[in-house]
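Q: Input entry_20.txt, format and content: compact mmCIF, C-alpha atoms and all ligand atoms.
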# COMPACT_ATOMS: atom_id res chain seq x y z
CA MET A 1440 94.88 120.80 111.60
CA LYS A 1441 97.62 120.17 114.14
CA GLN A 1442 100.36 122.73 114.22
CA GLY A 1443 103.98 122.97 115.19
CA LEU A 1444 105.01 119.39 114.53
CA PRO A 1445 107.98 118.85 112.23
CA VAL A 1446 106.24 116.19 110.17
CA THR A 1447 102.49 116.40 109.78
CA ALA A 1448 100.28 115.39 106.95
CA ALA A 1449 96.80 116.17 108.12
CA GLY A 1450 95.46 117.56 104.85
CA ALA A 1451 95.64 116.46 101.27
CA ASP A 1452 98.29 119.03 100.39
CA SER A 1453 100.31 118.34 103.53
CA ALA A 1454 100.71 114.69 102.56
CA ARG A 1455 101.90 115.66 99.09
CA GLU A 1456 104.22 118.36 100.47
CA LEU A 1457 105.68 115.92 102.97
CA LEU A 1458 106.54 113.41 100.24
CA VAL A 1459 107.94 116.09 97.94
CA ARG A 1460 110.05 117.51 100.75
CA LEU A 1461 111.57 114.05 101.24
CA HIS A 1462 112.15 113.70 97.47
CA LEU A 1463 109.64 110.87 97.32
CA LYS A 1464 107.34 110.58 94.34
CA ALA A 1465 103.79 111.33 95.51
CA THR A 1466 102.22 108.11 94.22
CA VAL A 1467 98.55 107.37 94.87
CA SER A 1468 99.38 104.59 97.33
CA ARG A 1469 101.82 106.76 99.32
CA LEU A 1470 99.35 109.65 99.47
CA GLN A 1471 96.50 107.34 100.50
CA ILE A 1472 98.49 105.76 103.31
CA VAL A 1473 100.06 108.99 104.61
CA ARG A 1474 96.62 110.64 104.70
CA LEU A 1475 95.08 107.68 106.46
CA LEU A 1476 97.86 107.58 109.06
CA ALA A 1477 97.56 111.35 109.53
CA ALA A 1478 93.85 110.98 110.24
CA HIS A 1479 94.62 108.31 112.84
CA ALA A 1480 97.49 110.35 114.30
CA GLY A 1481 94.98 113.07 115.15
CA LYS A 1482 93.27 110.50 117.38
CA MET A 1483 96.62 109.10 118.62
CA GLU A 1484 95.76 105.75 117.01
CA HIS A 1485 98.07 103.13 115.57
CA VAL A 1486 96.95 100.92 112.73
CA THR A 1487 97.92 97.56 111.30
CA ALA A 1488 98.44 96.97 107.58
CA GLU A 1489 95.21 94.94 107.61
CA GLN A 1490 93.31 97.88 109.12
CA ILE A 1491 94.70 100.16 106.41
CA TYR A 1492 93.56 97.60 103.84
CA ARG A 1493 90.04 97.44 105.30
CA GLU A 1494 89.71 101.21 105.59
CA LEU A 1495 90.88 101.80 102.02
CA GLN A 1496 88.42 99.18 100.75
CA ALA A 1497 85.69 101.67 101.58
CA THR A 1498 87.29 104.36 99.41
CA GLN A 1499 87.31 104.87 95.66
CA MET A 1500 90.99 103.89 95.57
CA PRO A 1501 91.37 100.58 97.43
CA LEU A 1502 94.89 99.16 97.58
CA GLY A 1503 95.98 95.53 97.68
CA LEU A 1504 97.68 94.23 100.82
CA ALA A 1505 100.97 93.64 98.97
CA THR A 1506 100.97 97.27 97.80
CA ILE A 1507 100.20 98.44 101.32
CA TYR A 1508 103.09 96.43 102.81
CA ARG A 1509 105.47 97.62 100.08
CA THR A 1510 104.39 101.26 100.49
CA LEU A 1511 104.69 101.09 104.28
CA ALA A 1512 108.20 99.67 103.94
CA THR A 1513 109.21 102.52 101.62
CA LEU A 1514 107.67 105.15 103.91
CA GLU A 1515 109.36 103.56 106.91
CA ALA A 1516 112.74 103.53 105.14
CA HIS A 1517 112.37 107.27 104.52
CA GLY A 1518 111.35 108.05 108.09
CA VAL A 1519 107.79 109.03 107.22
CA VAL A 1520 106.26 106.10 109.07
CA LYS A 1521 107.23 104.34 112.27
CA ARG A 1522 106.62 100.64 112.73
CA GLN A 1523 106.06 99.44 116.26
CA LEU A 1524 106.37 95.74 116.90
CA PHE A 1525 104.90 94.82 120.24
CA ALA A 1526 105.05 91.50 122.06
CA ARG A 1527 101.95 89.99 120.50
CA GLY A 1528 103.82 89.96 117.23
CA HIS A 1529 101.68 92.32 115.18
CA SER A 1530 103.17 95.48 113.74
CA VAL A 1531 101.29 98.71 114.06
CA PHE A 1532 102.14 101.82 112.11
CA GLU A 1533 102.01 105.50 112.91
CA LEU A 1534 103.14 108.68 111.23
CA ASN A 1535 106.64 109.53 112.38
CA ASP A 1536 105.99 113.05 113.65
CA ARG A 1537 109.10 112.99 115.88
CA ARG A 1538 106.91 113.35 118.93
CA VAL A 1539 108.44 111.39 121.82
CA HIS A 1540 105.83 109.22 123.47
CA HIS A 1541 105.42 105.90 125.19
CA HIS A 1542 102.99 103.10 124.41
CA MET A 1543 100.59 101.18 126.59
CA VAL A 1544 99.65 97.90 124.95
CA GLU A 1545 96.78 95.63 125.97
CA THR A 1546 98.03 92.06 126.24
CA ASP A 1547 94.70 90.45 125.37
CA GLY A 1548 93.49 92.96 122.83
CA ARG A 1549 94.84 95.15 120.14
CA ALA A 1550 94.47 98.48 121.88
CA VAL A 1551 97.59 100.63 121.81
CA LEU A 1552 97.49 103.86 123.78
CA GLU A 1553 100.01 106.67 123.73
CA PHE A 1554 101.14 108.53 126.77
CA CYS A 1555 103.73 111.04 127.95
CA ASP A 1556 104.72 111.62 131.55
CA ALA A 1557 107.08 114.32 132.79
CA GLN A 1558 107.68 112.48 136.08
CA ILE A 1559 108.88 109.36 134.26
CA GLU A 1560 111.18 111.50 132.09
CA ARG A 1561 112.65 113.17 135.19
CA ARG A 1562 113.18 109.82 136.89
CA LEU A 1563 114.91 108.38 133.83
CA GLN A 1564 117.16 111.47 133.72
CA GLN A 1565 118.10 110.83 137.35
CA LEU A 1566 118.78 107.14 136.70
CA ALA A 1567 120.97 107.96 133.70
CA ALA A 1568 122.80 110.70 135.63
CA ALA A 1569 123.46 108.29 138.52
CA GLN A 1570 125.26 106.04 136.03
CA GLY A 1571 127.21 108.99 134.64
CA TYR A 1572 125.16 109.49 131.50
CA ASP A 1573 123.17 112.28 129.93
CA TYR A 1574 119.66 111.06 129.29
CA ILE A 1575 118.69 111.34 125.64
CA VAL A 1576 115.34 109.73 124.95
CA SER A 1577 113.18 106.76 125.91
CA GLU A 1578 110.33 104.90 124.33
CA LEU A 1579 108.63 102.71 126.87
CA VAL A 1580 106.25 99.89 126.09
CA VAL A 1581 103.97 99.11 129.01
CA TYR A 1582 101.89 95.93 128.72
CA VAL A 1583 98.54 96.11 130.45
CA LYS A 1584 95.47 93.97 131.00
CA SER A 1585 92.08 95.63 131.17
CA HIS A 1586 90.06 95.12 134.33
CA LEU A 1587 86.93 96.31 132.56
CA PRO A 1588 84.42 93.76 131.27
CA ARG A 1589 85.10 92.99 127.63
CA SER A 1590 82.37 94.09 125.26
CA GLU A 1591 83.35 96.35 122.39
CA PRO A 1592 86.98 96.66 121.32
CA ALA A 1593 88.63 99.67 122.93
CA ALA A 1594 89.91 102.70 121.03
CA GLY A 1595 92.33 101.75 118.31
CA GLY A 1596 90.58 98.45 117.69
CA ALA A 1597 89.15 97.41 114.37
CA THR A 1598 85.77 98.70 113.33
ZN ZN A 1601 102.70 105.89 119.06
Please go through the file and, once you have read it, give me the structure as structure tokens.
Ligand SMILES: [Zn+2]

A:
Amino acid sequence: MKQGLPVTAAGADSARELLVRLHLKATVSRLQIVRLLAAHAGKMEHVTAEQIYRELQATQMPLGLATIYRTLATLEAHGVVKRQLFARGHSVFELNDRRVHHHMVETDGRAVLEFCDAQIERRLQQLAAAQGYDYIVSELVVYVKSHLPRSEPAAGGAT
């Protein structure tokens, strides 16, 4: 289990505790989705609603797509989940663990990679300072195209 993050939900009890702490009823659909996102967060993966749907189909408690969208919207409204809408127009979801990170998005695939870079942070601080500002935070989206031959979908792709 990951430690030290303000919002984690790696285990069954963590997901329930997280919802209770936010005064959210721990419904089956909320627990299912928070646990699934927590499992993906451990691998720094972002998932679409359709991926969540497909993954839950394999469990004993599958959820309908409408329920998944509704649950994600509720979790997003309460700051549990973060929705990222990248240029290709598909939303991906991740657990909102308050970790500042940037995203690298493949333009011709669905791979979304996370990265952090102290040099970029320092440079952005300098740029803000030069304009007379204190730098607060940034979330960059970097669009990339793979130069590797396309065979299997990269990490984060559908299985
Ligand atoms: Zn992310």

Q: Dump as a tab-separated table the rows for residues of segment 1449-1541 of chain A within 8 Å of segment 1562-1579 of chain A: closest atom pair and distance in Å with one decimal, all atoms listed in the file counted, ordered by chain and rising residue number.

A:
residue	atom	partner	partner_atom	distance
A:Val1539	CA	A:Glu1578	CA	7.2
A:His1540	CA	A:Glu1578	CA	6.3
A:His1541	CA	A:Leu1579	CA	4.8

Q: Report, in Å with one decimal, the straight-line distance from atom CA of Arg1469 of chain A to atom CA of Gly1481 of chain A.

A: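 Computing it gives 18.4 Å between the two atoms.
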
Q: Would you please work out which residue, of A:Ala1480, A:Ala1526, A:Ile1491, A:Ala1505, is nearest to ligand ZN 1601 (chain A) when using only C-alpha atoms and all ligand atoms?

A: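 Closest candidate: A:Ala1480.
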
Q: A:Asp1536, A:Leu1587, A:Glu1494, A:Thr1487: which is nearest Tyr1508 of chain A, counting only C-alpha atoms?

A: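 For Tyr1508 of chain A, the nearest of the given residues is A:Thr1487.
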
Q: Distance table requested - chain A against ligand ZN 1601 (chain A), cut-off 12 Å, all atoms listed in the file: one row per qualifying residue with the closest atom pair and its distance in Å to one decimal, ordered by chain and rising residue number, as a tab-separated table.

A:
residue	atom	partner	partner_atom	distance
A:Leu1476	CA	A:ZN1601	ZN	11.2
A:His1479	CA	A:ZN1601	ZN	10.5
A:Ala1480	CA	A:ZN1601	ZN	8.3
A:Gly1481	CA	A:ZN1601	ZN	11.2
A:Lys1482	CA	A:ZN1601	ZN	10.6
A:Met1483	CA	A:ZN1601	ZN	6.9
A:Glu1484	CA	A:ZN1601	ZN	7.2
A:His1485	CA	A:ZN1601	ZN	6.4
A:Val1486	CA	A:ZN1601	ZN	9.9
A:Val1520	CA	A:ZN1601	ZN	10.6
A:Lys1521	CA	A:ZN1601	ZN	8.3
A:Arg1522	CA	A:ZN1601	ZN	9.1
A:Gln1523	CA	A:ZN1601	ZN	7.8
A:Leu1524	CA	A:ZN1601	ZN	11.0
A:Phe1525	CA	A:ZN1601	ZN	11.3
A:Ser1530	CA	A:ZN1601	ZN	11.7
A:Val1531	CA	A:ZN1601	ZN	8.9
A:Phe1532	CA	A:ZN1601	ZN	8.1
A:Glu1533	CA	A:ZN1601	ZN	6.2
A:Leu1534	CA	A:ZN1601	ZN	8.3
A:Asn1535	CA	A:ZN1601	ZN	8.6
A:Asp1536	CA	A:ZN1601	ZN	9.6
A:Arg1537	CA	A:ZN1601	ZN	10.1
A:Arg1538	CA	A:ZN1601	ZN	8.6
A:Val1539	CA	A:ZN1601	ZN	8.4
A:His1540	CA	A:ZN1601	ZN	6.4
A:His1541	CA	A:ZN1601	ZN	6.7
A:His1542	CA	A:ZN1601	ZN	6.0
A:Met1543	CA	A:ZN1601	ZN	9.1
A:Val1544	CA	A:ZN1601	ZN	10.4
A:Ala1550	CA	A:ZN1601	ZN	11.4
A:Val1551	CA	A:ZN1601	ZN	7.8
A:Leu1552	CA	A:ZN1601	ZN	7.3
A:Glu1553	CA	A:ZN1601	ZN	5.4
A:Phe1554	CA	A:ZN1601	ZN	8.3
A:Cys1555	CA	A:ZN1601	ZN	10.3
A:Glu1578	CA	A:ZN1601	ZN	9.3
A:Leu1579	CA	A:ZN1601	ZN	10.3
A:Val1580	CA	A:ZN1601	ZN	9.9
A:Gly1595	CA	A:ZN1601	ZN	11.2

Q: With C-alpha atoms retained, could you export that selection as an mmCIF file, in the frame of the given file?

A:
data_model
loop_
_atom_site.group_PDB
_atom_site.id
_atom_site.type_symbol
_atom_site.label_atom_id
_atom_site.label_comp_id
_atom_site.auth_asym_id
_atom_site.auth_seq_id
_atom_site.Cartn_x
_atom_site.Cartn_y
_atom_site.Cartn_z
ATOM 1 C CA LEU A 1476 97.860 107.580 109.060
ATOM 2 C CA HIS A 1479 94.620 108.310 112.840
ATOM 3 C CA ALA A 1480 97.490 110.350 114.300
ATOM 4 C CA GLY A 1481 94.980 113.070 115.150
ATOM 5 C CA LYS A 1482 93.270 110.500 117.380
ATOM 6 C CA MET A 1483 96.620 109.100 118.620
ATOM 7 C CA GLU A 1484 95.760 105.750 117.010
ATOM 8 C CA HIS A 1485 98.070 103.130 115.570
ATOM 9 C CA VAL A 1486 96.950 100.920 112.730
ATOM 10 C CA VAL A 1520 106.260 106.100 109.070
ATOM 11 C CA LYS A 1521 107.230 104.340 112.270
ATOM 12 C CA ARG A 1522 106.620 100.640 112.730
ATOM 13 C CA GLN A 1523 106.060 99.440 116.260
ATOM 14 C CA LEU A 1524 106.370 95.740 116.900
ATOM 15 C CA PHE A 1525 104.900 94.820 120.240
ATOM 16 C CA SER A 1530 103.170 95.480 113.740
ATOM 17 C CA VAL A 1531 101.290 98.710 114.060
ATOM 18 C CA PHE A 1532 102.140 101.820 112.110
ATOM 19 C CA GLU A 1533 102.010 105.500 112.910
ATOM 20 C CA LEU A 1534 103.140 108.680 111.230
ATOM 21 C CA ASN A 1535 106.640 109.530 112.380
ATOM 22 C CA ASP A 1536 105.990 113.050 113.650
ATOM 23 C CA ARG A 1537 109.100 112.990 115.880
ATOM 24 C CA ARG A 1538 106.910 113.350 118.930
ATOM 25 C CA VAL A 1539 108.440 111.390 121.820
ATOM 26 C CA HIS A 1540 105.830 109.220 123.470
ATOM 27 C CA HIS A 1541 105.420 105.900 125.190
ATOM 28 C CA HIS A 1542 102.990 103.100 124.410
ATOM 29 C CA MET A 1543 100.590 101.180 126.590
ATOM 30 C CA VAL A 1544 99.650 97.900 124.950
ATOM 31 C CA ALA A 1550 94.470 98.480 121.880
ATOM 32 C CA VAL A 1551 97.590 100.630 121.810
ATOM 33 C CA LEU A 1552 97.490 103.860 123.780
ATOM 34 C CA GLU A 1553 100.010 106.670 123.730
ATOM 35 C CA PHE A 1554 101.140 108.530 126.770
ATOM 36 C CA CYS A 1555 103.730 111.040 127.950
ATOM 37 C CA GLU A 1578 110.330 104.900 124.330
ATOM 38 C CA LEU A 1579 108.630 102.710 126.870
ATOM 39 C CA VAL A 1580 106.250 99.890 126.090
ATOM 40 C CA GLY A 1595 92.330 101.750 118.310
#

Q: Quick one: pull the distance between atom CA of Asp1556 of chain A and atom CA of Gly1518 of chain A, Å, one decimal.

A: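 The value is 24.6 Å.
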
Q: Between atom CA of Ala1477 of chain A and atom CA of Glu1545 of chain A, what is the distance, to one decimal in Å?

A: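 Distance between the two atoms: 22.8 Å.
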
Q: Restricting the calculation to all atoms listed in the file, which member of A:Val1519, A:Gly1528, A:Thr1510, A:Val1581 is positioned closest to Arg1460 of chain A?

A: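 Of all the options, A:Val1519 lies closest to Arg1460 of chain A.
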
Q: Looking at all atoms listed in the file, which of A:Ile1507, A:Leu1514, A:Ala1497, A:Ala1478 is the one that sits closest to Ala1465 of chain A?

A: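 Nearest to Ala1465 of chain A: A:Leu1514.
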
Q: Restricting the calculation to only C-alpha atoms, which member of A:Val1583, A:Leu1502, A:Gln1558, A:Pro1588 is positioned closest to Ile1472 of chain A?

A: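 Of all the options, A:Leu1502 lies closest to Ile1472 of chain A.
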
Q: Specify the axis-aligned box that encloses all atoms of segment 1561-1579 of chain A listed in the file after padding of 5 Å on each side, stating its centre and edge lengths in Å to one decimal as AutoDock Vina command-line options.

A:
--center_x 117.9 --center_y 107.9 --center_z 131.4 --size_x 28.6 --size_y 20.5 --size_z 24.2
